[in-house]
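Chemist: Dropping in run_0.cif, which is mmCIF, N, CA, C and O atoms:
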data_target
loop_
_atom_site.label_atom_id
_atom_site.label_comp_id
_atom_site.auth_asym_id
_atom_site.auth_seq_id
_atom_site.Cartn_x
_atom_site.Cartn_y
_atom_site.Cartn_z
N MET I 2 57.05 -55.33 147.09
CA MET I 2 58.23 -55.77 147.80
C MET I 2 58.61 -54.71 148.82
O MET I 2 58.74 -53.55 148.50
N ASP I 3 58.78 -55.13 150.05
CA ASP I 3 59.19 -54.24 151.13
C ASP I 3 60.71 -54.28 151.24
O ASP I 3 61.28 -55.19 151.84
N ILE I 4 61.37 -53.28 150.68
CA ILE I 4 62.83 -53.25 150.64
C ILE I 4 63.40 -53.18 152.06
O ILE I 4 64.45 -53.76 152.33
N ASP I 5 62.72 -52.51 152.97
CA ASP I 5 63.23 -52.43 154.34
C ASP I 5 63.26 -53.81 154.98
O ASP I 5 64.21 -54.15 155.69
N LEU I 6 62.23 -54.61 154.73
CA LEU I 6 62.20 -55.97 155.26
C LEU I 6 63.30 -56.82 154.64
O LEU I 6 64.00 -57.56 155.33
N LEU I 7 63.48 -56.69 153.35
CA LEU I 7 64.52 -57.44 152.64
C LEU I 7 65.91 -57.09 153.17
O LEU I 7 66.71 -57.97 153.48
N ILE I 8 66.19 -55.81 153.29
CA ILE I 8 67.49 -55.38 153.81
C ILE I 8 67.67 -55.84 155.25
O ILE I 8 68.75 -56.30 155.64
N GLY I 9 66.62 -55.77 156.04
CA GLY I 9 66.68 -56.26 157.42
C GLY I 9 67.03 -57.74 157.47
O GLY I 9 67.82 -58.17 158.32
N ASP I 10 66.47 -58.53 156.54
CA ASP I 10 66.79 -59.96 156.48
C ASP I 10 68.26 -60.18 156.13
O ASP I 10 68.93 -61.04 156.72
N VAL I 11 68.77 -59.43 155.17
CA VAL I 11 70.17 -59.57 154.76
C VAL I 11 71.09 -59.21 155.93
O VAL I 11 72.02 -59.94 156.26
N ILE I 12 70.81 -58.08 156.57
CA ILE I 12 71.63 -57.65 157.71
C ILE I 12 71.55 -58.67 158.84
O ILE I 12 72.56 -58.96 159.48
N GLY I 13 70.38 -59.25 159.04
CA GLY I 13 70.22 -60.27 160.07
C GLY I 13 71.08 -61.50 159.79
O GLY I 13 71.67 -62.08 160.71
N CYS I 14 71.17 -61.88 158.53
CA CYS I 14 72.01 -63.02 158.16
C CYS I 14 73.49 -62.68 158.24
O CYS I 14 74.30 -63.52 158.63
N GLU I 15 73.85 -61.48 157.85
CA GLU I 15 75.25 -61.09 157.81
C GLU I 15 75.83 -60.84 159.21
O GLU I 15 77.00 -61.09 159.45
N GLY I 16 75.02 -60.31 160.10
CA GLY I 16 75.47 -60.09 161.47
C GLY I 16 76.36 -58.87 161.64
O GLY I 16 76.43 -58.01 160.77
N GLY I 17 77.04 -58.83 162.78
CA GLY I 17 77.86 -57.67 163.14
C GLY I 17 79.26 -57.72 162.56
O GLY I 17 79.49 -58.23 161.47
N TYR I 18 80.19 -57.24 163.33
CA TYR I 18 81.58 -57.08 162.88
C TYR I 18 82.26 -58.43 162.68
O TYR I 18 82.12 -59.35 163.49
N ALA I 19 83.00 -58.54 161.58
CA ALA I 19 83.82 -59.73 161.31
C ALA I 19 85.06 -59.29 160.55
O ALA I 19 85.01 -58.37 159.73
N ASN I 20 86.17 -59.96 160.84
CA ASN I 20 87.41 -59.69 160.10
C ASN I 20 88.19 -61.00 160.04
O ASN I 20 89.19 -61.18 160.73
N HIS I 21 87.73 -61.91 159.19
CA HIS I 21 88.34 -63.22 159.05
C HIS I 21 89.51 -63.15 158.06
O HIS I 21 89.35 -62.63 156.96
N PRO I 22 90.66 -63.69 158.44
CA PRO I 22 91.83 -63.63 157.56
C PRO I 22 91.60 -64.29 156.19
O PRO I 22 92.16 -63.85 155.19
N GLY I 23 90.75 -65.30 156.13
CA GLY I 23 90.51 -65.98 154.86
C GLY I 23 89.47 -65.31 153.97
O GLY I 23 89.25 -65.73 152.84
N ASP I 24 88.84 -64.25 154.45
CA ASP I 24 87.82 -63.55 153.68
C ASP I 24 88.48 -62.42 152.90
O ASP I 24 89.01 -61.48 153.49
N ARG I 25 88.44 -62.50 151.58
CA ARG I 25 89.08 -61.49 150.73
C ARG I 25 88.49 -60.10 150.91
O ARG I 25 89.11 -59.11 150.58
N GLY I 26 87.26 -60.03 151.44
CA GLY I 26 86.61 -58.73 151.61
C GLY I 26 87.15 -57.92 152.77
O GLY I 26 86.86 -56.75 152.90
N GLY I 27 87.95 -58.56 153.63
CA GLY I 27 88.49 -57.85 154.79
C GLY I 27 87.43 -57.64 155.85
O GLY I 27 86.48 -58.40 155.97
N ALA I 28 87.61 -56.58 156.61
CA ALA I 28 86.69 -56.28 157.70
C ALA I 28 85.30 -55.94 157.15
O ALA I 28 85.18 -55.22 156.17
N THR I 29 84.28 -56.49 157.81
CA THR I 29 82.90 -56.20 157.42
C THR I 29 82.06 -55.96 158.67
O THR I 29 82.40 -56.39 159.76
N ARG I 30 80.96 -55.29 158.47
CA ARG I 30 79.93 -55.16 159.49
C ARG I 30 78.61 -55.02 158.78
O ARG I 30 78.50 -54.27 157.81
N TRP I 31 77.64 -55.77 159.22
CA TRP I 31 76.31 -55.82 158.60
C TRP I 31 76.38 -56.31 157.16
O TRP I 31 75.50 -56.05 156.37
N GLY I 32 77.48 -56.97 156.78
CA GLY I 32 77.65 -57.46 155.42
C GLY I 32 78.26 -56.46 154.46
O GLY I 32 78.45 -56.74 153.29
N ILE I 33 78.60 -55.29 154.95
CA ILE I 33 79.21 -54.24 154.13
C ILE I 33 80.71 -54.29 154.37
O ILE I 33 81.16 -54.33 155.52
N THR I 34 81.50 -54.26 153.29
CA THR I 34 82.95 -54.31 153.43
C THR I 34 83.52 -52.92 153.72
O THR I 34 82.93 -51.90 153.38
N GLU I 35 84.70 -52.93 154.30
CA GLU I 35 85.38 -51.69 154.65
C GLU I 35 85.62 -50.79 153.43
O GLU I 35 85.41 -49.58 153.52
N PRO I 36 86.06 -51.34 152.28
CA PRO I 36 86.24 -50.45 151.12
C PRO I 36 84.95 -49.77 150.66
O PRO I 36 84.99 -48.64 150.18
N VAL I 37 83.82 -50.42 150.82
CA VAL I 37 82.54 -49.81 150.44
C VAL I 37 82.13 -48.76 151.48
O VAL I 37 81.70 -47.67 151.12
N ALA I 38 82.28 -49.09 152.76
CA ALA I 38 81.85 -48.18 153.83
C ALA I 38 82.80 -47.01 154.01
O ALA I 38 82.39 -45.93 154.42
N ARG I 39 84.09 -47.25 153.73
CA ARG I 39 85.12 -46.21 153.90
C ARG I 39 85.18 -45.68 155.33
O ARG I 39 85.14 -44.47 155.55
N GLY I 40 85.24 -46.61 156.27
CA GLY I 40 85.33 -46.20 157.66
C GLY I 40 85.70 -47.37 158.55
O GLY I 40 85.91 -48.49 158.07
N ASP I 41 85.77 -47.11 159.83
CA ASP I 41 86.10 -48.13 160.82
C ASP I 41 84.90 -49.05 161.00
O ASP I 41 83.86 -48.64 161.51
N MET I 42 85.05 -50.30 160.59
CA MET I 42 83.93 -51.23 160.60
C MET I 42 83.50 -51.62 162.01
O MET I 42 82.37 -52.04 162.21
N ARG I 43 84.36 -51.47 162.98
CA ARG I 43 83.99 -51.81 164.36
C ARG I 43 82.90 -50.90 164.90
O ARG I 43 82.16 -51.27 165.80
N VAL I 44 82.79 -49.70 164.35
CA VAL I 44 81.77 -48.74 164.81
C VAL I 44 80.82 -48.31 163.69
O VAL I 44 80.07 -47.36 163.85
N PHE I 45 80.83 -49.01 162.57
CA PHE I 45 79.99 -48.68 161.42
C PHE I 45 78.51 -48.84 161.79
O PHE I 45 78.08 -49.93 162.18
N PRO I 46 77.71 -47.79 161.67
CA PRO I 46 76.32 -47.86 162.11
C PRO I 46 75.41 -48.65 161.16
O PRO I 46 75.57 -48.62 159.94
N ARG I 47 74.46 -49.34 161.75
CA ARG I 47 73.50 -50.14 160.99
C ARG I 47 72.72 -49.27 160.00
O ARG I 47 72.45 -49.69 158.87
N GLU I 48 72.36 -48.07 160.40
CA GLU I 48 71.59 -47.17 159.54
C GLU I 48 72.34 -46.85 158.25
O GLU I 48 71.74 -46.73 157.19
N GLU I 49 73.65 -46.70 158.36
CA GLU I 49 74.45 -46.43 157.17
C GLU I 49 74.52 -47.67 156.27
O GLU I 49 74.50 -47.57 155.05
N ALA I 50 74.57 -48.84 156.89
CA ALA I 50 74.54 -50.09 156.11
C ALA I 50 73.24 -50.20 155.33
O ALA I 50 73.24 -50.56 154.15
N VAL I 51 72.14 -49.87 155.97
CA VAL I 51 70.83 -49.91 155.30
C VAL I 51 70.83 -48.98 154.09
O VAL I 51 70.40 -49.35 153.00
N ALA I 52 71.35 -47.77 154.27
CA ALA I 52 71.40 -46.80 153.16
C ALA I 52 72.28 -47.31 152.02
O ALA I 52 71.93 -47.15 150.84
N ILE I 53 73.40 -47.95 152.34
CA ILE I 53 74.28 -48.50 151.31
C ILE I 53 73.60 -49.63 150.56
O ILE I 53 73.65 -49.69 149.33
N TYR I 54 72.95 -50.56 151.28
CA TYR I 54 72.25 -51.65 150.61
C TYR I 54 71.20 -51.11 149.64
O TYR I 54 71.09 -51.58 148.51
N GLU I 55 70.45 -50.13 150.08
CA GLU I 55 69.41 -49.59 149.21
C GLU I 55 70.00 -48.86 148.00
O GLU I 55 69.59 -49.11 146.87
N ARG I 56 70.95 -48.00 148.25
CA ARG I 56 71.52 -47.18 147.16
C ARG I 56 72.36 -48.00 146.18
O ARG I 56 72.15 -47.94 144.98
N ILE I 57 73.32 -48.79 146.69
CA ILE I 57 74.28 -49.47 145.83
C ILE I 57 73.78 -50.81 145.30
O ILE I 57 74.04 -51.17 144.16
N TYR I 58 73.07 -51.56 146.15
CA TYR I 58 72.71 -52.94 145.79
C TYR I 58 71.25 -53.11 145.41
O TYR I 58 70.83 -54.21 145.05
N TRP I 59 70.44 -52.05 145.48
CA TRP I 59 69.03 -52.16 145.12
C TRP I 59 68.67 -51.16 144.02
O TRP I 59 68.21 -51.56 142.96
N LEU I 60 68.91 -49.88 144.25
CA LEU I 60 68.52 -48.86 143.28
C LEU I 60 69.48 -48.76 142.09
O LEU I 60 69.04 -48.73 140.94
N ARG I 61 70.77 -48.70 142.36
CA ARG I 61 71.75 -48.49 141.28
C ARG I 61 71.67 -49.58 140.21
O ARG I 61 71.66 -49.25 139.02
N PRO I 62 71.61 -50.86 140.57
CA PRO I 62 71.50 -51.87 139.51
C PRO I 62 70.09 -52.02 138.95
O PRO I 62 69.88 -52.75 137.99
N GLY I 63 69.11 -51.32 139.52
CA GLY I 63 67.76 -51.34 138.98
C GLY I 63 66.89 -52.48 139.47
O GLY I 63 65.86 -52.77 138.87
N PHE I 64 67.25 -53.12 140.59
CA PHE I 64 66.43 -54.22 141.09
C PHE I 64 65.07 -53.74 141.57
O PHE I 64 64.12 -54.52 141.62
N ASP I 65 64.93 -52.46 141.89
CA ASP I 65 63.62 -51.93 142.25
C ASP I 65 62.67 -52.00 141.05
O ASP I 65 61.48 -52.26 141.20
N ARG I 66 63.19 -51.84 139.85
CA ARG I 66 62.37 -51.93 138.64
C ARG I 66 62.03 -53.38 138.29
O ARG I 66 60.98 -53.66 137.72
N VAL I 67 62.91 -54.31 138.64
CA VAL I 67 62.65 -55.73 138.38
C VAL I 67 61.41 -56.17 139.14
O VAL I 67 60.62 -56.96 138.65
N GLY I 68 61.23 -55.64 140.34
CA GLY I 68 60.08 -56.01 141.16
C GLY I 68 58.76 -55.78 140.47
O GLY I 68 57.82 -56.54 140.63
N GLY I 69 58.66 -54.74 139.65
CA GLY I 69 57.44 -54.45 138.91
C GLY I 69 57.21 -55.42 137.77
O GLY I 69 56.08 -55.69 137.37
N LEU I 70 58.28 -55.98 137.22
CA LEU I 70 58.18 -56.91 136.10
C LEU I 70 58.03 -58.35 136.55
O LEU I 70 57.34 -59.14 135.91
N ALA I 71 58.73 -58.70 137.60
CA ALA I 71 58.71 -60.07 138.11
C ALA I 71 58.71 -60.01 139.64
O ALA I 71 59.76 -60.04 140.26
N PRO I 72 57.51 -59.90 140.24
CA PRO I 72 57.42 -59.65 141.68
C PRO I 72 58.19 -60.62 142.58
O PRO I 72 58.61 -60.25 143.65
N GLY I 73 58.43 -61.84 142.17
CA GLY I 73 59.17 -62.78 143.00
C GLY I 73 60.67 -62.68 142.87
O GLY I 73 61.41 -63.32 143.61
N SER I 74 61.16 -61.85 141.96
CA SER I 74 62.59 -61.82 141.67
C SER I 74 63.44 -61.00 142.62
O SER I 74 64.55 -61.41 142.94
N PRO I 75 63.03 -59.84 143.09
CA PRO I 75 63.95 -59.00 143.84
C PRO I 75 64.68 -59.64 145.01
O PRO I 75 65.87 -59.43 145.15
N PRO I 76 64.04 -60.45 145.86
CA PRO I 76 64.83 -61.01 146.96
C PRO I 76 65.98 -61.88 146.46
O PRO I 76 67.07 -61.83 146.99
N SER I 77 65.75 -62.63 145.42
CA SER I 77 66.81 -63.49 144.92
C SER I 77 67.84 -62.71 144.12
O SER I 77 68.92 -63.19 143.88
N CYS I 78 67.51 -61.50 143.73
CA CYS I 78 68.44 -60.67 142.97
C CYS I 78 69.37 -59.87 143.85
O CYS I 78 70.57 -59.82 143.62
N SER I 79 68.83 -59.22 144.84
CA SER I 79 69.65 -58.27 145.58
C SER I 79 70.60 -58.93 146.57
O SER I 79 71.66 -58.39 146.83
N THR I 80 70.25 -60.07 147.13
CA THR I 80 71.14 -60.71 148.10
C THR I 80 72.46 -61.12 147.46
O THR I 80 73.52 -60.77 147.97
N PRO I 81 72.47 -61.83 146.31
CA PRO I 81 73.76 -62.12 145.68
C PRO I 81 74.50 -60.86 145.25
O PRO I 81 75.72 -60.82 145.25
N ALA I 82 73.77 -59.81 144.90
CA ALA I 82 74.44 -58.57 144.51
C ALA I 82 75.30 -58.05 145.65
O ALA I 82 76.39 -57.53 145.42
N SER I 83 74.83 -58.22 146.87
CA SER I 83 75.60 -57.71 148.00
C SER I 83 76.75 -58.63 148.38
O SER I 83 77.73 -58.18 148.93
N THR I 84 76.65 -59.91 148.08
CA THR I 84 77.73 -60.83 148.46
C THR I 84 78.71 -61.10 147.32
O THR I 84 79.89 -61.30 147.57
N TRP I 85 78.24 -61.13 146.09
CA TRP I 85 79.13 -61.37 144.93
C TRP I 85 79.77 -60.09 144.44
O TRP I 85 80.76 -60.12 143.73
N GLY I 86 79.16 -58.98 144.75
CA GLY I 86 79.59 -57.71 144.17
C GLY I 86 78.58 -57.34 143.10
O GLY I 86 78.08 -58.18 142.36
N ARG I 87 78.24 -56.10 143.04
CA ARG I 87 77.19 -55.62 142.15
C ARG I 87 77.48 -55.91 140.69
O ARG I 87 76.63 -56.39 139.95
N ARG I 88 78.69 -55.67 140.22
CA ARG I 88 79.01 -55.88 138.80
C ARG I 88 78.90 -57.35 138.41
O ARG I 88 78.34 -57.67 137.37
N SER I 89 79.46 -58.24 139.23
CA SER I 89 79.41 -59.66 138.92
C SER I 89 77.97 -60.15 138.85
O SER I 89 77.59 -60.88 137.95
N TRP I 90 77.16 -59.75 139.82
CA TRP I 90 75.78 -60.21 139.84
C TRP I 90 74.99 -59.61 138.68
O TRP I 90 74.17 -60.29 138.06
N CYS I 91 75.22 -58.35 138.35
CA CYS I 91 74.49 -57.74 137.23
C CYS I 91 74.82 -58.46 135.92
O CYS I 91 73.94 -58.71 135.10
N ARG I 92 76.09 -58.84 135.73
CA ARG I 92 76.48 -59.60 134.52
C ARG I 92 75.76 -60.95 134.50
O ARG I 92 75.22 -61.36 133.49
N PHE I 93 75.75 -61.64 135.64
CA PHE I 93 75.09 -62.94 135.73
C PHE I 93 73.59 -62.79 135.49
O PHE I 93 72.99 -63.53 134.70
N PHE I 94 72.96 -61.83 136.15
CA PHE I 94 71.52 -61.62 136.04
C PHE I 94 71.12 -61.25 134.61
O PHE I 94 70.13 -61.75 134.09
N SER I 95 71.91 -60.42 133.97
CA SER I 95 71.61 -60.01 132.60
C SER I 95 71.71 -61.16 131.61
O SER I 95 71.03 -61.19 130.61
N ALA I 96 72.57 -62.13 131.91
CA ALA I 96 72.77 -63.25 131.01
C ALA I 96 71.69 -64.33 131.15
O ALA I 96 71.59 -65.23 130.32
N HIS I 97 70.87 -64.26 132.21
CA HIS I 97 69.88 -65.32 132.45
C HIS I 97 68.46 -64.84 132.37
O HIS I 97 68.04 -63.86 132.35
#
Turn this file's structure into C-alpha cells for me.
Modeler:
Amino acid sequence: MDIDLLIGDVIGCEGGYANHPGDRGGATRWGITEPVARGDMRVFPREEAVAIYERIYWLRPGFDRVGGLAPGSPPSCSTPASTWGRRSWCRFFSAH
C-alpha cells in the first residue's frame, strides 16, 4: 500500500479551505480541522496536512499494520478515520 498515494487521494477529495456554518468541524483545509491543525486554516500548508494524516490517521491507530494482514483494507480504513474521527472509527473497526 502506497500511503502517499492514499493520502493524496483523500486530500484531493477534501480540497482546499472550507468553513461551512453547518459543519460541526469548523474551518478545514485539506480535510484537516482547525482544532487538529492548531493554526489558521486559510494558510495551512498541504505538507503539514500530509504529515497529520500519516501520523494521526494512519500510524497511531495501526492501519499500517492492517495492510500486512489484509492488503485490501487500509484504503477503506483510513478514509473514515479522517472524516469520522479516529476514536469513532477505531471503535467501529474493532467491532467488525
Chemist: If I put a ball of radius 5 Å at (79.7, -54.2, 163.6) in the file's coordinates, which residues poke into it when counting all atoms listed in the file, written as a CSV table (one decimal) with N, CA, C and O atoms, in the coordinates of the input?
Modeler:
chain,number,residue,atom,x,y,z
I,17,GLY,N,77.0,-58.8,162.8
I,17,GLY,CA,77.9,-57.7,163.1
I,17,GLY,C,79.3,-57.7,162.6
I,17,GLY,O,79.5,-58.2,161.5
I,18,TYR,N,80.2,-57.2,163.3
I,18,TYR,CA,81.6,-57.1,162.9
I,18,TYR,C,82.3,-58.4,162.7
I,18,TYR,O,82.1,-59.4,163.5
I,30,ARG,N,81.0,-55.3,158.5
I,30,ARG,CA,79.9,-55.2,159.5
I,30,ARG,C,78.6,-55.0,158.8
I,30,ARG,O,78.5,-54.3,157.8
I,42,MET,N,85.0,-50.3,160.6
I,42,MET,CA,83.9,-51.2,160.6
I,42,MET,C,83.5,-51.6,162.0
I,42,MET,O,82.4,-52.0,162.2
I,43,ARG,N,84.4,-51.5,163.0
I,43,ARG,CA,84.0,-51.8,164.4
I,43,ARG,C,82.9,-50.9,164.9
I,43,ARG,O,82.2,-51.3,165.8
I,45,PHE,N,80.8,-49.0,162.6
I,45,PHE,CA,80.0,-48.7,161.4
I,45,PHE,C,78.5,-48.8,161.8
I,45,PHE,O,78.1,-49.9,162.2
Chemist: If you apply the PyMOL selection byres (((chain I and resi 48 and name CA) around 12) and name CA) to this file, what residues do you get, as a list in words?
Modeler: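 Matching residues under the PyMOL selection byres (((chain I and resi 48 and name CA) around 12) and name CA) are Asp5, Ile8, Gly9, Ile12, Arg30, Trp31, Ile33, Ala38, Val44, Phe45, Pro46, Arg47, Glu49, Ala50, Val51, Ala52, Ile53, Tyr54 and Glu55 of chain I.
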Chemist: What gap, in Å, lies between atom CA of I:Arg39 and atom CA of I:Cys14?
Modeler: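 Atom CA of I:Cys14 lies at a distance of 21.7 Å from atom CA of I:Arg39.
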Chemist: Please, what distance in Å, to one decimal, runs between atom CA of I:Glu15 and atom CA of I:Trp59?
Modeler: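 Those two atoms sit 16.7 Å apart.
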Chemist: When you draw a straight line from atom N of I:Asp24 to atom O of I:Arg56, how long is it in Å?
Modeler: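 If I compute the distance from atom N of I:Asp24 to atom O of I:Arg56, I get 25.2 Å.
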